[in-house]
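Everything below belongs to protein.cif, which stores mmCIF, N, CA and C atoms.
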```cif
data_input
#
loop_
_atom_site.label_atom_id
_atom_site.label_comp_id
_atom_site.auth_asym_id
_atom_site.auth_seq_id
_atom_site.Cartn_x
_atom_site.Cartn_y
_atom_site.Cartn_z
N MET A 847 -4.21 -9.17 17.33
CA MET A 847 -4.83 -7.86 17.34
C MET A 847 -6.25 -8.01 17.89
N SER A 848 -6.61 -7.14 18.80
CA SER A 848 -7.93 -7.21 19.43
C SER A 848 -9.03 -6.82 18.43
N ASP A 849 -10.25 -7.18 18.78
CA ASP A 849 -11.40 -6.82 17.94
C ASP A 849 -11.52 -5.31 17.80
N PHE A 850 -11.17 -4.58 18.85
CA PHE A 850 -11.25 -3.11 18.78
C PHE A 850 -10.39 -2.58 17.64
N TRP A 851 -9.13 -3.03 17.56
CA TRP A 851 -8.22 -2.55 16.53
C TRP A 851 -8.59 -3.09 15.16
N ARG A 852 -9.11 -4.31 15.11
CA ARG A 852 -9.60 -4.85 13.83
C ARG A 852 -10.75 -3.97 13.30
N ASN A 853 -11.67 -3.65 14.19
CA ASN A 853 -12.79 -2.80 13.79
C ASN A 853 -12.30 -1.41 13.38
N TRP A 854 -11.32 -0.88 14.08
CA TRP A 854 -10.73 0.42 13.73
C TRP A 854 -10.23 0.39 12.29
N LEU A 855 -9.49 -0.68 11.94
CA LEU A 855 -8.94 -0.78 10.59
C LEU A 855 -10.04 -0.98 9.54
N THR A 856 -11.12 -1.66 9.91
CA THR A 856 -12.24 -1.81 9.00
C THR A 856 -12.88 -0.45 8.73
N ILE A 857 -13.07 0.34 9.77
CA ILE A 857 -13.62 1.68 9.61
C ILE A 857 -12.67 2.55 8.79
N TRP A 858 -11.38 2.39 9.01
CA TRP A 858 -10.38 3.13 8.23
C TRP A 858 -10.55 2.81 6.74
N CYS A 859 -10.74 1.54 6.42
CA CYS A 859 -10.95 1.14 5.02
C CYS A 859 -12.24 1.74 4.47
N ILE A 860 -13.27 1.77 5.26
CA ILE A 860 -14.54 2.38 4.83
C ILE A 860 -14.34 3.86 4.56
N ASP A 861 -13.58 4.54 5.43
CA ASP A 861 -13.29 5.97 5.21
C ASP A 861 -12.56 6.18 3.88
N VAL A 862 -11.59 5.33 3.57
CA VAL A 862 -10.85 5.44 2.31
C VAL A 862 -11.82 5.21 1.14
N ALA A 863 -12.72 4.24 1.27
CA ALA A 863 -13.69 3.96 0.21
C ALA A 863 -14.62 5.16 -0.02
N VAL A 864 -15.05 5.78 1.06
CA VAL A 864 -15.92 6.96 0.94
C VAL A 864 -15.18 8.09 0.24
N PHE A 865 -13.91 8.29 0.58
CA PHE A 865 -13.12 9.31 -0.10
C PHE A 865 -13.03 9.01 -1.59
N GLY A 866 -12.82 7.74 -1.94
CA GLY A 866 -12.81 7.35 -3.34
C GLY A 866 -14.13 7.66 -4.03
N ALA A 867 -15.23 7.40 -3.34
CA ALA A 867 -16.55 7.70 -3.90
C ALA A 867 -16.74 9.20 -4.12
N VAL A 868 -16.22 10.01 -3.19
CA VAL A 868 -16.29 11.46 -3.36
C VAL A 868 -15.54 11.88 -4.62
N LEU A 869 -14.34 11.34 -4.80
CA LEU A 869 -13.58 11.66 -6.01
C LEU A 869 -14.31 11.20 -7.26
N MET A 870 -14.85 10.00 -7.24
CA MET A 870 -15.59 9.49 -8.41
C MET A 870 -16.78 10.39 -8.73
N GLY A 871 -17.39 10.96 -7.70
CA GLY A 871 -18.53 11.84 -7.92
C GLY A 871 -18.19 13.05 -8.77
N GLY A 872 -16.91 13.43 -8.79
CA GLY A 872 -16.48 14.56 -9.61
C GLY A 872 -16.55 14.29 -11.09
N ALA A 873 -16.82 13.05 -11.48
CA ALA A 873 -16.91 12.70 -12.90
C ALA A 873 -18.10 13.37 -13.57
N PHE A 874 -19.14 13.68 -12.80
CA PHE A 874 -20.37 14.25 -13.37
C PHE A 874 -20.78 15.48 -12.58
N GLU A 875 -21.33 16.44 -13.26
CA GLU A 875 -21.76 17.68 -12.61
C GLU A 875 -22.78 17.40 -11.51
N ALA A 876 -23.72 16.50 -11.79
CA ALA A 876 -24.80 16.23 -10.83
C ALA A 876 -24.30 15.67 -9.51
N THR A 877 -23.12 15.04 -9.51
CA THR A 877 -22.61 14.41 -8.29
C THR A 877 -21.29 15.03 -7.82
N SER A 878 -20.97 16.21 -8.32
CA SER A 878 -19.66 16.80 -8.01
C SER A 878 -19.66 17.72 -6.80
N GLY A 879 -20.78 17.88 -6.12
CA GLY A 879 -20.82 18.76 -4.95
C GLY A 879 -19.79 18.43 -3.89
N PRO A 880 -19.69 17.17 -3.45
CA PRO A 880 -18.70 16.85 -2.41
C PRO A 880 -17.26 17.10 -2.85
N VAL A 881 -16.92 16.81 -4.11
CA VAL A 881 -15.54 17.03 -4.54
C VAL A 881 -15.26 18.53 -4.68
N ARG A 882 -16.26 19.31 -5.04
CA ARG A 882 -16.09 20.76 -5.08
C ARG A 882 -15.79 21.30 -3.68
N LEU A 883 -16.51 20.79 -2.69
CA LEU A 883 -16.25 21.17 -1.30
C LEU A 883 -14.84 20.77 -0.88
N LEU A 884 -14.43 19.58 -1.29
CA LEU A 884 -13.07 19.11 -0.99
C LEU A 884 -12.04 20.08 -1.54
N PHE A 885 -12.19 20.50 -2.78
CA PHE A 885 -11.21 21.43 -3.37
C PHE A 885 -11.27 22.80 -2.71
N ASP A 886 -12.43 23.20 -2.21
CA ASP A 886 -12.51 24.44 -1.44
C ASP A 886 -11.70 24.32 -0.16
N VAL A 887 -11.78 23.18 0.50
CA VAL A 887 -11.04 22.96 1.74
C VAL A 887 -9.53 22.88 1.46
N LEU A 888 -9.15 22.21 0.37
CA LEU A 888 -7.73 22.07 0.05
C LEU A 888 -7.10 23.39 -0.35
N ASP A 889 -7.91 24.30 -0.86
CA ASP A 889 -7.49 25.68 -1.14
C ASP A 889 -6.16 25.76 -1.90
N GLY A 890 -6.09 25.03 -2.99
CA GLY A 890 -4.89 25.07 -3.82
C GLY A 890 -4.85 26.31 -4.69
N PRO A 891 -3.81 26.41 -5.49
CA PRO A 891 -3.67 27.59 -6.36
C PRO A 891 -4.71 27.56 -7.48
N GLY A 892 -5.35 28.66 -7.70
CA GLY A 892 -6.33 28.77 -8.79
C GLY A 892 -7.62 28.03 -8.50
N ASP A 893 -8.55 28.19 -9.42
CA ASP A 893 -9.84 27.51 -9.31
C ASP A 893 -9.87 26.31 -10.24
N PRO A 894 -10.40 25.19 -9.77
CA PRO A 894 -10.46 24.01 -10.64
C PRO A 894 -11.38 24.28 -11.84
N VAL A 895 -11.00 23.76 -12.98
CA VAL A 895 -11.81 23.84 -14.19
C VAL A 895 -12.33 22.43 -14.45
N TYR A 896 -13.62 22.27 -14.30
CA TYR A 896 -14.22 20.94 -14.41
C TYR A 896 -14.48 20.60 -15.87
N ASP A 897 -13.40 20.43 -16.62
CA ASP A 897 -13.52 20.03 -18.02
C ASP A 897 -13.46 18.50 -18.10
N ALA A 898 -13.53 17.97 -19.31
CA ALA A 898 -13.57 16.52 -19.50
C ALA A 898 -12.31 15.83 -18.95
N HIS A 899 -11.15 16.45 -19.12
CA HIS A 899 -9.91 15.84 -18.63
C HIS A 899 -9.86 15.80 -17.10
N PHE A 900 -10.28 16.88 -16.48
CA PHE A 900 -10.29 16.94 -15.02
C PHE A 900 -11.29 15.93 -14.46
N ARG A 901 -12.47 15.86 -15.07
CA ARG A 901 -13.48 14.91 -14.60
C ARG A 901 -13.00 13.46 -14.77
N PHE A 902 -12.31 13.19 -15.88
CA PHE A 902 -11.74 11.85 -16.09
C PHE A 902 -10.71 11.55 -15.00
N SER A 903 -9.85 12.52 -14.70
CA SER A 903 -8.83 12.32 -13.66
C SER A 903 -9.47 12.06 -12.31
N LEU A 904 -10.51 12.80 -11.97
CA LEU A 904 -11.21 12.59 -10.71
C LEU A 904 -11.82 11.19 -10.66
N ALA A 905 -12.47 10.80 -11.76
CA ALA A 905 -13.10 9.48 -11.81
C ALA A 905 -12.06 8.38 -11.64
N LEU A 906 -10.94 8.53 -12.33
CA LEU A 906 -9.88 7.53 -12.26
C LEU A 906 -9.26 7.47 -10.87
N MET A 907 -8.94 8.64 -10.30
CA MET A 907 -8.37 8.65 -8.94
C MET A 907 -9.36 8.08 -7.93
N GLY A 908 -10.63 8.38 -8.11
CA GLY A 908 -11.65 7.85 -7.21
C GLY A 908 -11.76 6.34 -7.30
N ALA A 909 -11.74 5.83 -8.53
CA ALA A 909 -11.83 4.38 -8.72
C ALA A 909 -10.62 3.68 -8.12
N VAL A 910 -9.44 4.24 -8.32
CA VAL A 910 -8.22 3.65 -7.76
C VAL A 910 -8.26 3.69 -6.23
N THR A 911 -8.67 4.82 -5.68
CA THR A 911 -8.77 4.95 -4.22
C THR A 911 -9.79 3.99 -3.65
N PHE A 912 -10.93 3.87 -4.32
CA PHE A 912 -11.96 2.94 -3.87
C PHE A 912 -11.41 1.51 -3.89
N GLY A 913 -10.74 1.13 -4.97
CA GLY A 913 -10.13 -0.19 -5.06
C GLY A 913 -9.03 -0.40 -4.03
N TRP A 914 -8.27 0.68 -3.78
CA TRP A 914 -7.20 0.64 -2.79
C TRP A 914 -7.76 0.27 -1.42
N SER A 915 -8.94 0.80 -1.09
CA SER A 915 -9.54 0.49 0.21
C SER A 915 -9.85 -1.00 0.32
N GLY A 916 -10.34 -1.57 -0.76
CA GLY A 916 -10.63 -3.01 -0.76
C GLY A 916 -9.38 -3.85 -0.69
N THR A 917 -8.32 -3.39 -1.34
CA THR A 917 -7.05 -4.10 -1.27
C THR A 917 -6.50 -4.09 0.14
N PHE A 918 -6.55 -2.92 0.79
CA PHE A 918 -6.12 -2.85 2.19
C PHE A 918 -6.96 -3.77 3.05
N TYR A 919 -8.28 -3.75 2.86
CA TYR A 919 -9.15 -4.60 3.68
C TYR A 919 -8.78 -6.07 3.51
N ALA A 920 -8.57 -6.49 2.26
CA ALA A 920 -8.20 -7.89 2.01
C ALA A 920 -6.86 -8.23 2.67
N ALA A 921 -5.90 -7.31 2.57
CA ALA A 921 -4.59 -7.55 3.19
C ALA A 921 -4.73 -7.62 4.71
N PHE A 922 -5.56 -6.75 5.28
CA PHE A 922 -5.77 -6.79 6.73
C PHE A 922 -6.38 -8.12 7.14
N GLN A 923 -7.37 -8.61 6.38
CA GLN A 923 -8.01 -9.88 6.73
C GLN A 923 -7.00 -11.03 6.65
N ALA A 924 -6.15 -11.00 5.63
CA ALA A 924 -5.12 -12.04 5.51
C ALA A 924 -4.15 -11.98 6.69
N ALA A 925 -3.75 -10.77 7.06
CA ALA A 925 -2.84 -10.62 8.20
C ALA A 925 -3.50 -11.09 9.49
N HIS A 926 -4.78 -10.76 9.66
CA HIS A 926 -5.49 -11.23 10.86
C HIS A 926 -5.52 -12.75 10.92
N ALA A 927 -5.72 -13.38 9.77
CA ALA A 927 -5.80 -14.85 9.74
C ALA A 927 -4.46 -15.49 10.10
N LEU A 928 -3.38 -14.81 9.78
CA LEU A 928 -2.04 -15.34 10.10
C LEU A 928 -1.66 -15.15 11.56
N GLU A 929 -2.38 -14.28 12.26
CA GLU A 929 -2.14 -13.98 13.66
C GLU A 929 -0.67 -13.68 13.94
N GLN A 930 -0.01 -14.49 14.75
CA GLN A 930 1.36 -14.20 15.17
C GLN A 930 2.38 -14.30 14.05
N ARG A 931 2.02 -14.95 12.96
CA ARG A 931 2.95 -15.08 11.82
C ARG A 931 2.79 -13.94 10.82
N ALA A 932 1.98 -12.96 11.14
CA ALA A 932 1.62 -11.91 10.18
C ALA A 932 2.59 -10.74 10.13
N ARG A 933 3.58 -10.69 10.99
CA ARG A 933 4.49 -9.53 11.03
C ARG A 933 5.04 -9.16 9.66
N PRO A 934 5.53 -10.11 8.85
CA PRO A 934 6.04 -9.71 7.52
C PRO A 934 4.98 -9.05 6.64
N ILE A 935 3.74 -9.52 6.76
CA ILE A 935 2.66 -8.93 5.97
C ILE A 935 2.37 -7.51 6.46
N TRP A 936 2.29 -7.33 7.78
CA TRP A 936 2.06 -5.99 8.32
C TRP A 936 3.19 -5.04 7.90
N LEU A 937 4.41 -5.53 7.87
CA LEU A 937 5.54 -4.69 7.46
C LEU A 937 5.42 -4.29 5.98
N LEU A 938 5.00 -5.22 5.12
CA LEU A 938 4.81 -4.90 3.71
C LEU A 938 3.67 -3.89 3.51
N ILE A 939 2.57 -4.10 4.21
CA ILE A 939 1.45 -3.16 4.11
C ILE A 939 1.90 -1.78 4.58
N THR A 940 2.64 -1.74 5.66
CA THR A 940 3.11 -0.47 6.21
C THR A 940 4.10 0.20 5.27
N ALA A 941 4.99 -0.56 4.67
CA ALA A 941 5.93 0.02 3.70
C ALA A 941 5.17 0.61 2.52
N SER A 942 4.14 -0.06 2.08
CA SER A 942 3.31 0.45 0.99
C SER A 942 2.62 1.75 1.39
N ALA A 943 2.06 1.78 2.58
CA ALA A 943 1.38 2.99 3.06
C ALA A 943 2.36 4.14 3.21
N LEU A 944 3.56 3.87 3.71
CA LEU A 944 4.57 4.92 3.86
C LEU A 944 5.05 5.42 2.49
N GLY A 945 5.17 4.52 1.53
CA GLY A 945 5.54 4.93 0.18
C GLY A 945 4.50 5.83 -0.44
N TRP A 946 3.23 5.45 -0.32
CA TRP A 946 2.14 6.31 -0.79
C TRP A 946 2.22 7.67 -0.12
N TYR A 947 2.37 7.66 1.19
CA TYR A 947 2.38 8.90 1.96
C TYR A 947 3.49 9.84 1.49
N ALA A 948 4.67 9.32 1.33
CA ALA A 948 5.82 10.15 0.94
C ALA A 948 5.60 10.77 -0.43
N VAL A 949 5.20 9.96 -1.40
CA VAL A 949 5.04 10.47 -2.77
C VAL A 949 3.84 11.41 -2.86
N ASP A 950 2.70 10.98 -2.35
CA ASP A 950 1.49 11.79 -2.45
C ASP A 950 1.65 13.11 -1.72
N SER A 951 2.22 13.08 -0.54
CA SER A 951 2.39 14.32 0.23
C SER A 951 3.40 15.25 -0.42
N ALA A 952 4.52 14.71 -0.89
CA ALA A 952 5.52 15.56 -1.55
C ALA A 952 4.95 16.21 -2.80
N LEU A 953 4.22 15.44 -3.60
CA LEU A 953 3.62 16.02 -4.81
C LEU A 953 2.50 17.00 -4.48
N SER A 954 1.76 16.75 -3.41
CA SER A 954 0.72 17.68 -2.99
C SER A 954 1.33 19.02 -2.62
N ILE A 955 2.39 18.99 -1.85
CA ILE A 955 3.06 20.23 -1.44
C ILE A 955 3.66 20.93 -2.66
N ALA A 956 4.32 20.16 -3.52
CA ALA A 956 4.98 20.74 -4.69
C ALA A 956 4.00 21.39 -5.65
N THR A 957 2.74 20.91 -5.68
CA THR A 957 1.76 21.47 -6.60
C THR A 957 0.82 22.47 -5.94
N GLY A 958 1.13 22.85 -4.70
CA GLY A 958 0.35 23.88 -4.04
C GLY A 958 -0.83 23.40 -3.23
N PHE A 959 -0.90 22.11 -2.95
CA PHE A 959 -2.01 21.55 -2.18
C PHE A 959 -1.51 20.96 -0.87
N ALA A 960 -0.85 21.78 -0.07
CA ALA A 960 -0.26 21.32 1.19
C ALA A 960 -1.31 20.76 2.15
N MET A 961 -2.54 21.26 2.07
CA MET A 961 -3.59 20.73 2.95
C MET A 961 -3.83 19.24 2.69
N ASN A 962 -3.60 18.79 1.48
CA ASN A 962 -3.74 17.36 1.20
C ASN A 962 -2.69 16.56 1.96
N ALA A 963 -1.49 17.11 2.08
CA ALA A 963 -0.45 16.44 2.87
C ALA A 963 -0.88 16.33 4.33
N ALA A 964 -1.57 17.36 4.82
CA ALA A 964 -2.07 17.30 6.20
C ALA A 964 -3.11 16.20 6.35
N SER A 965 -4.04 16.10 5.39
CA SER A 965 -5.05 15.04 5.49
C SER A 965 -4.41 13.66 5.31
N ASN A 966 -3.36 13.58 4.48
CA ASN A 966 -2.61 12.32 4.35
C ASN A 966 -2.02 11.91 5.69
N THR A 967 -1.52 12.89 6.43
CA THR A 967 -0.92 12.62 7.74
C THR A 967 -1.95 12.04 8.69
N VAL A 968 -3.15 12.61 8.69
CA VAL A 968 -4.23 12.10 9.53
C VAL A 968 -4.56 10.66 9.13
N LEU A 969 -4.65 10.40 7.83
CA LEU A 969 -4.96 9.06 7.35
C LEU A 969 -3.87 8.06 7.75
N LEU A 970 -2.62 8.46 7.58
CA LEU A 970 -1.51 7.57 7.95
C LEU A 970 -1.51 7.28 9.45
N ILE A 971 -1.70 8.30 10.25
CA ILE A 971 -1.76 8.10 11.70
C ILE A 971 -2.90 7.15 12.06
N GLY A 972 -4.05 7.32 11.38
CA GLY A 972 -5.19 6.44 11.63
C GLY A 972 -4.88 4.99 11.32
N TYR A 973 -3.97 4.75 10.41
CA TYR A 973 -3.52 3.40 10.11
C TYR A 973 -2.48 2.91 11.12
N LEU A 974 -1.54 3.77 11.47
CA LEU A 974 -0.43 3.35 12.32
C LEU A 974 -0.83 3.14 13.79
N VAL A 975 -1.80 3.89 14.29
CA VAL A 975 -2.19 3.77 15.70
C VAL A 975 -2.53 2.32 16.08
N PRO A 976 -3.41 1.63 15.35
CA PRO A 976 -3.71 0.26 15.78
C PRO A 976 -2.52 -0.69 15.64
N LEU A 977 -1.64 -0.43 14.69
CA LEU A 977 -0.48 -1.30 14.54
C LEU A 977 0.45 -1.20 15.73
N PHE A 978 0.75 0.03 16.14
CA PHE A 978 1.63 0.20 17.29
C PHE A 978 0.93 -0.20 18.58
N ALA A 979 -0.36 0.14 18.71
CA ALA A 979 -1.09 -0.19 19.94
C ALA A 979 -1.26 -1.69 20.13
N SER A 980 -1.41 -2.41 19.03
CA SER A 980 -1.63 -3.85 19.14
C SER A 980 -0.32 -4.65 19.19
N GLY A 981 0.76 -4.06 18.74
CA GLY A 981 2.05 -4.74 18.77
C GLY A 981 2.32 -5.66 17.60
N VAL A 982 1.51 -5.60 16.54
CA VAL A 982 1.69 -6.54 15.43
C VAL A 982 3.00 -6.32 14.66
N LEU A 983 3.63 -5.16 14.82
CA LEU A 983 4.89 -4.90 14.14
C LEU A 983 6.09 -5.39 14.95
N GLN A 984 5.86 -5.78 16.19
CA GLN A 984 6.94 -6.29 17.02
C GLN A 984 7.33 -7.69 16.55
N SER A 985 8.57 -8.07 16.82
CA SER A 985 9.02 -9.38 16.35
C SER A 985 8.27 -10.54 17.00
N HIS A 986 7.75 -10.32 18.18
CA HIS A 986 6.94 -11.33 18.85
C HIS A 986 5.60 -10.70 19.18
N ALA A 987 4.74 -10.64 18.17
CA ALA A 987 3.43 -9.99 18.33
C ALA A 987 2.58 -10.75 19.32
N PRO A 988 1.74 -10.00 20.05
CA PRO A 988 0.83 -10.66 20.99
C PRO A 988 -0.19 -11.52 20.24
N SER A 989 -0.84 -12.40 20.95
CA SER A 989 -1.83 -13.27 20.33
C SER A 989 -3.01 -12.43 19.83
N ALA A 990 -3.88 -13.06 19.08
CA ALA A 990 -4.98 -12.37 18.41
C ALA A 990 -5.94 -11.71 19.40
N ARG A 991 -6.05 -12.21 20.58
CA ARG A 991 -7.06 -11.70 21.52
C ARG A 991 -6.47 -10.77 22.58
N THR A 992 -5.22 -10.36 22.43
CA THR A 992 -4.64 -9.43 23.40
C THR A 992 -4.36 -8.11 22.72
N ALA A 993 -3.94 -7.14 23.50
CA ALA A 993 -3.60 -5.79 23.04
C ALA A 993 -4.81 -5.16 22.45
#
```

Please render this file's structure as structure tokens.
Amino acid sequence: MSDFWRNWLTIWCIDVAVFGAVLMGGAFEATSGPVRLLFDVLDGPGDPVYDAHFRFSLALMGAVTFGWSGTFYAAFQAAHALEQRARPIWLLITASALGWYAVDSALSIATGFAMNAASNTVLLIGYLVPLFASGVLQSHAPSARTA
């Protein structure tokens, strides 16, 4: 995978971490502005009630999302180190991302937050583009400095 695509995936991980931080910010009134804006954009049914349970849920989802970004980054670094032998790792990472996408998007739609499924699609595409462009999912992936 070329440096361009490696950097793309690093930025993707940073974006996921920032989203996690936005969610964590909902834990407290003083830092909940960005998450309030997010819920305005998602335009789900009803108005959010920022009670203790909701704030706990936001904090927990934010922490998990923030950690998820680090897990992806670590997996990407491991796959990069394996170079041409990394295809099984890329396939596992991709299966995990597709599993998240299917469940999160289906539940978002089912609970009235279809816009979240749209943002999930953008996030998934942002992950898949470098994989397909670099060829790491092919059975004979190009060397680390090509594609």

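Here the question is which of A:Val895, A:Ile935, A:Met870, A:Ala941 gets nearest to Leu970 in chain A using only C-alpha atoms, and that residue is A:Ala941.
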
For the structure shown, which residues end up in the PyMOL selection byres ((chain A and resi 860-867) around 7)? Put them as a PyMOL selection string, please? chain A and resi 855-859+868-872+907-916

Hey, which of A:Val881, A:Trp936, A:Asp897, A:Ser903 ends up closest to Ala921 in chain A? Count all atoms listed in the file.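 Of the candidates, the smallest distance to Ala921 in chain A is held by A:Trp936.
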
Selection near Asn962 in chain A, 8 Å with only N, CA and C atoms, sequence-local residues under 2 positions removed, as an mmCIF file with N, CA and C atoms, keeping the file's coordinate frame:
```
data_model
loop_
_atom_site.group_PDB
_atom_site.id
_atom_site.type_symbol
_atom_site.label_atom_id
_atom_site.label_comp_id
_atom_site.auth_asym_id
_atom_site.auth_seq_id
_atom_site.Cartn_x
_atom_site.Cartn_y
_atom_site.Cartn_z
ATOM 1 N N VAL A 887 -11.780 23.180 0.500
ATOM 2 C CA VAL A 887 -11.040 22.960 1.740
ATOM 3 C C VAL A 887 -9.530 22.880 1.460
ATOM 4 N N LEU A 888 -9.150 22.210 0.370
ATOM 5 C CA LEU A 888 -7.730 22.070 0.050
ATOM 6 C C LEU A 888 -7.100 23.390 -0.350
ATOM 7 N N ASP A 889 -7.910 24.300 -0.860
ATOM 8 C CA ASP A 889 -7.490 25.680 -1.140
ATOM 9 C C ASP A 889 -6.160 25.760 -1.900
ATOM 10 N N ASP A 950 2.700 10.980 -2.350
ATOM 11 C CA ASP A 950 1.490 11.790 -2.450
ATOM 12 C C ASP A 950 1.650 13.110 -1.720
ATOM 13 N N SER A 951 2.220 13.080 -0.540
ATOM 14 C CA SER A 951 2.390 14.320 0.230
ATOM 15 C C SER A 951 3.400 15.250 -0.420
ATOM 16 N N ALA A 952 4.520 14.710 -0.890
ATOM 17 C CA ALA A 952 5.520 15.560 -1.550
ATOM 18 C C ALA A 952 4.950 16.210 -2.800
ATOM 19 N N SER A 954 1.760 16.750 -3.410
ATOM 20 C CA SER A 954 0.720 17.680 -2.990
ATOM 21 C C SER A 954 1.330 19.020 -2.620
ATOM 22 N N ILE A 955 2.390 18.990 -1.850
ATOM 23 C CA ILE A 955 3.060 20.230 -1.440
ATOM 24 C C ILE A 955 3.660 20.930 -2.660
ATOM 25 N N GLY A 958 1.130 22.850 -4.700
ATOM 26 C CA GLY A 958 0.350 23.880 -4.040
ATOM 27 C C GLY A 958 -0.830 23.400 -3.230
ATOM 28 N N PHE A 959 -0.900 22.110 -2.950
ATOM 29 C CA PHE A 959 -2.010 21.550 -2.180
ATOM 30 C C PHE A 959 -1.510 20.960 -0.870
ATOM 31 N N ALA A 960 -0.850 21.780 -0.070
ATOM 32 C CA ALA A 960 -0.260 21.320 1.190
ATOM 33 C C ALA A 960 -1.310 20.760 2.150
ATOM 34 N N ALA A 964 -1.570 17.360 4.820
ATOM 35 C CA ALA A 964 -2.070 17.300 6.200
ATOM 36 C C ALA A 964 -3.110 16.200 6.350
ATOM 37 N N SER A 965 -4.040 16.100 5.390
ATOM 38 C CA SER A 965 -5.050 15.040 5.490
ATOM 39 C C SER A 965 -4.410 13.660 5.310
ATOM 40 N N ASN A 966 -3.360 13.580 4.480
ATOM 41 C CA ASN A 966 -2.610 12.320 4.350
ATOM 42 C C ASN A 966 -2.020 11.910 5.690
ATOM 43 N N THR A 967 -1.520 12.890 6.430
ATOM 44 C CA THR A 967 -0.920 12.620 7.740
ATOM 45 C C THR A 967 -1.950 12.040 8.690
ATOM 46 N N VAL A 968 -3.150 12.610 8.690
ATOM 47 C CA VAL A 968 -4.230 12.100 9.530
ATOM 48 C C VAL A 968 -4.560 10.660 9.130
#
```

Secondary structure check, alpha helix (DSSP H) residues of chain A, as a PyMOL selection string: chain A and resi 849-871+879-888+898-928+933-956+960-980

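Using only C-alpha atoms, the shortest contact distance between Arg933 in chain A and any of A:Ala876, A:Leu977, A:Leu884, A:Val982 is found at A:Val982.
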
CA of Arg901 in chain A and CA of Pro880 in chain A are how many Å apart?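 According to the coordinates, CA of Arg901 in chain A and CA of Pro880 in chain A are separated by 13.4 Å.
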
Using all atoms listed in the file, the residue out of A:Phe900, A:Phe922, A:Phe885, A:Phe978 with shortest distance to Ile939 in chain A is A:Phe922

Near-Pro976 in chain A list (9 Å; only C-alpha atoms; drop same-chain fewer than 5 positions) as a PyMOL selection string: chain A and resi 847+850-852+854-855+981-982

Between A:Ala905, A:Asp849, A:Gly892, A:Ala943, single out the one closest to Leu969 in chain A, counting only C-alpha atoms.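 Of A:Ala905, A:Asp849, A:Gly892, A:Ala943, the one nearest Leu969 in chain A, counting only C-alpha atoms, is A:Ala943.
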
Atom pair atom C of Val975 in chain A / atom N of Thr917 in chain A: separation (Å):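 Distance reported for this atom pair: 19.2 Å.
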
Report the distance between atom N of Leu928 in chain A and atom C of Tyr947 in chain A in Å, rounded to one decimal place.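 Atom-to-atom, atom N of Leu928 in chain A and atom C of Tyr947 in chain A are spaced 26.9 Å apart.
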
Selected residue, from A:Ala873, A:Leu883, A:Ser848, A:Leu983, that lies nearest to Leu937 in chain A when counting all atoms listed in the file: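 So, comparing all the options, the nearest one is A:Leu983.
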
Report, as lines of an AutoDock Vina configuration file, the centre and edge lengths in Å (one decimal) of the axis-aligned box enclosing every listed atom of range 968-981 of chain A, padded by 3 Å on each side.
```
center_x = -1.4
center_y = 3.5
center_z = 13.7
size_x = 13.5
size_y = 24.3
size_z = 18.8
```
